[in-house]
file target.txt (compact mmCIF, C-alpha atoms)
# COMPACT_ATOMS: atom_id res chain seq x y z
CA MET A 24 40.58 29.12 -9.39
CA SER A 25 40.01 27.65 -5.96
CA LYS A 26 37.25 25.08 -5.52
CA TYR A 27 36.58 26.38 -2.00
CA ASN A 28 36.14 29.90 -0.68
CA PHE A 29 37.40 28.92 2.77
CA LYS A 30 40.31 27.12 4.38
CA LEU A 31 40.23 24.43 7.02
CA ARG A 32 41.95 24.50 10.39
CA ILE A 33 42.22 21.11 12.05
CA THR A 34 42.64 20.42 15.76
CA VAL A 35 42.66 17.12 17.62
CA ASP A 36 41.97 16.27 21.24
CA GLU A 37 44.49 13.59 22.16
CA ASP A 38 42.79 13.06 25.53
CA VAL A 39 39.56 12.02 23.80
CA CYS A 40 41.10 9.90 21.02
CA VAL A 41 40.53 6.13 21.38
CA GLY A 42 43.10 5.16 18.74
CA ALA A 43 40.68 3.62 16.24
CA GLY A 44 42.84 4.84 13.34
CA LEU A 45 40.00 5.73 10.98
CA CYS A 46 41.51 9.20 10.53
CA VAL A 47 44.78 7.74 9.26
CA LEU A 48 42.93 5.41 6.91
CA SER A 49 40.97 8.41 5.58
CA SER A 50 43.85 10.88 5.27
CA SER A 51 47.35 9.71 6.13
CA GLU A 52 48.72 13.00 4.77
CA VAL A 53 47.06 14.87 7.65
CA PHE A 54 46.83 12.31 10.47
CA ASP A 55 49.13 9.72 11.99
CA GLN A 56 49.12 7.68 15.20
CA ARG A 57 51.61 7.49 18.04
CA ASP A 58 53.45 4.18 18.03
CA GLU A 59 53.13 3.63 21.75
CA ASP A 60 49.36 3.96 22.13
CA GLY A 61 47.74 4.67 18.75
CA VAL A 62 46.57 8.16 19.73
CA VAL A 63 46.15 10.58 16.82
CA LYS A 64 48.99 12.86 15.74
CA LEU A 65 48.13 15.87 13.62
CA LEU A 66 50.54 16.35 10.70
CA GLN A 67 48.89 19.38 9.06
CA VAL A 68 46.90 22.07 10.84
CA TYR A 69 46.01 23.76 7.54
CA PRO A 70 45.73 20.99 4.92
CA ASP A 71 45.84 21.58 1.18
CA GLN A 72 42.47 21.95 -0.50
CA GLU A 73 42.95 18.67 -2.36
CA LEU A 74 42.67 16.95 1.04
CA TYR A 75 39.53 18.69 2.30
CA GLU A 76 37.11 15.88 1.44
CA LYS A 77 39.37 13.29 3.07
CA VAL A 78 39.78 15.42 6.20
CA LEU A 79 36.06 16.04 6.50
CA GLY A 80 35.46 12.31 6.08
CA ALA A 81 37.99 11.53 8.80
CA SER A 82 36.25 13.95 11.14
CA ARG A 83 32.85 12.37 10.46
CA LYS A 84 34.20 8.83 11.00
CA CYS A 85 36.04 9.53 14.27
CA PRO A 86 34.21 7.46 16.91
CA SER A 87 35.35 9.67 19.79
CA HIS A 88 34.86 13.03 18.00
CA ALA A 89 38.50 13.90 18.72
CA ILE A 90 38.91 15.76 15.40
CA LYS A 91 37.60 19.30 15.07
CA VAL A 92 37.43 21.02 11.70
CA GLU A 93 36.95 24.77 11.53
CA GLN A 94 36.18 26.67 8.34
CA LEU A 95 37.99 30.01 8.12
CA PRO A 96 37.66 32.76 5.51
CA ASP A 97 40.04 32.05 2.64
CA ASP A 98 41.81 35.38 3.18
CA ASP A 99 42.61 34.72 6.87
CA PRO A 100 46.38 34.58 7.25
CA VAL A 101 47.97 31.32 8.37
CA PRO A 102 49.99 32.01 11.54
CA GLU A 103 53.73 31.60 11.14
CA GLY A 104 54.95 28.27 12.42
CA ALA A 105 51.43 26.80 12.31
CA GLY A 106 52.51 24.23 9.79
CA GLN A 107 50.94 23.57 6.48
call {"tool": "encode", "arguments": {"input": "target.txt", "output": "structure tokens"}}
result
Amino acid sequence: MSKYNFKLRITVDEDVCVGAGLCVLSSSEVFDQRDEDGVVKLLQVYPDQELYEKVLGASRKCPSHAIKVEQLPDDDPVPEGAGQ
């Protein structure tokens, strides 16, 4: 049985990111940083439920509010090619 009755869709605004890296420290499975400037790279648009708390924490900690987390109904289909 699922702990959540929704799924999360994550987006990032690279233009707003200041490269603090708190997202990577919170959830390196979902976020990374570009080598050249430290700007956030999104690794998973639809993370596994085991990562939800970490992802929500990363969003709360982001000093520039570059991470957006959207809750979708659990039965919404994940678009093909959207990545896990």
call {"tool": "closest_residue", "arguments": {"input": "target.txt", "among": "A:Asp38, A:Gly44, A:Leu95, A:Asp71", "to": "Asp58 in chain A", "atoms": "only C-alpha atoms"}}
result
A:Gly44
call {"tool": "residues_around", "arguments": {"input": "target.txt", "residues": "Cys85 in chain A", "least_positions_apart": "6", "cutoff": "8 Å", "atoms": "only C-alpha atoms", "output": "MDAnalysis selection string"}}
result
chainID A and resid 43 45:46
call {"tool": "atom_distance", "arguments": {"input": "target.txt", "atom1": "CA of Cys40 in chain A", "atom2": "CA of Ser87 in chain A"}}
result
5.9 Å
call {"tool": "residues_around", "arguments": {"input": "target.txt", "residues": "Lys64 in chain A", "least_positions_apart": "6", "cutoff": "8 Å", "atoms": "only C-alpha atoms", "output": "tab-separated table (two decimals) with C-alpha atoms, in the frame of the given file"}}
result
chain	number	residue	atom	x	y	z
A	35	VAL	CA	42.66	17.12	17.62
A	37	GLU	CA	44.49	13.59	22.16
A	54	PHE	CA	46.83	12.31	10.47
A	55	ASP	CA	49.13	9.72	11.99
A	56	GLN	CA	49.12	7.68	15.20
A	57	ARG	CA	51.61	7.49	18.04
call {"tool": "closest_residue", "arguments": {"input": "target.txt", "among": "A:Tyr69, A:Ala81, A:Pro86, A:Asp97", "to": "Arg32 in chain A", "atoms": "all atoms listed in the file"}}
result
A:Tyr69
call {"tool": "atom_distance", "arguments": {"input": "target.txt", "atom1": "CA of Phe29 in chain A", "atom2": "CA of Ser49 in chain A"}}
result
21.0 Å
call {"tool": "atom_distance", "arguments": {"input": "target.txt", "atom1": "CA of Val62 in chain A", "atom2": "CA of His88 in chain A"}}
result
12.8 Å
call {"tool": "residues_around", "arguments": {"input": "target.txt", "residues": "Glu93 in chain A", "least_positions_apart": "3", "cutoff": "12 Å", "atoms": "all atoms listed in the file", "output": "list in words"}}
result
Phe29, Lys30, Leu31, Arg32, Ile33, Thr34, Val35, Val68, Tyr69, Pro70, Tyr75, Val78, Leu79, Ser82, Ile90, Pro96 and Asp97 of chain A
call {"tool": "closest_residue", "arguments": {"input": "target.txt", "among": "A:Asp98, A:Leu74, A:Val41, A:Asp36", "to": "Asp60 in chain A", "atoms": "all atoms listed in the file"}}
result
A:Val41
call {"tool": "closest_residue", "arguments": {"input": "target.txt", "among": "A:Gln94, A:Lys26, A:Val53, A:Pro100", "to": "Gln72 in chain A", "atoms": "all atoms listed in the file"}}
result
A:Lys26
call {"tool": "closest_residue", "arguments": {"input": "target.txt", "among": "A:Tyr27, A:Gly42, A:Ser51, A:Lys77", "to": "Ala89 in chain A", "atoms": "all atoms listed in the file"}}
result
A:Gly42
call {"tool": "closest_residue", "arguments": {"input": "target.txt", "among": "A:Glu73, A:Lys91, A:Pro102, A:Asn28", "to": "Ser50 in chain A", "atoms": "only C-alpha atoms"}}
result
A:Glu73
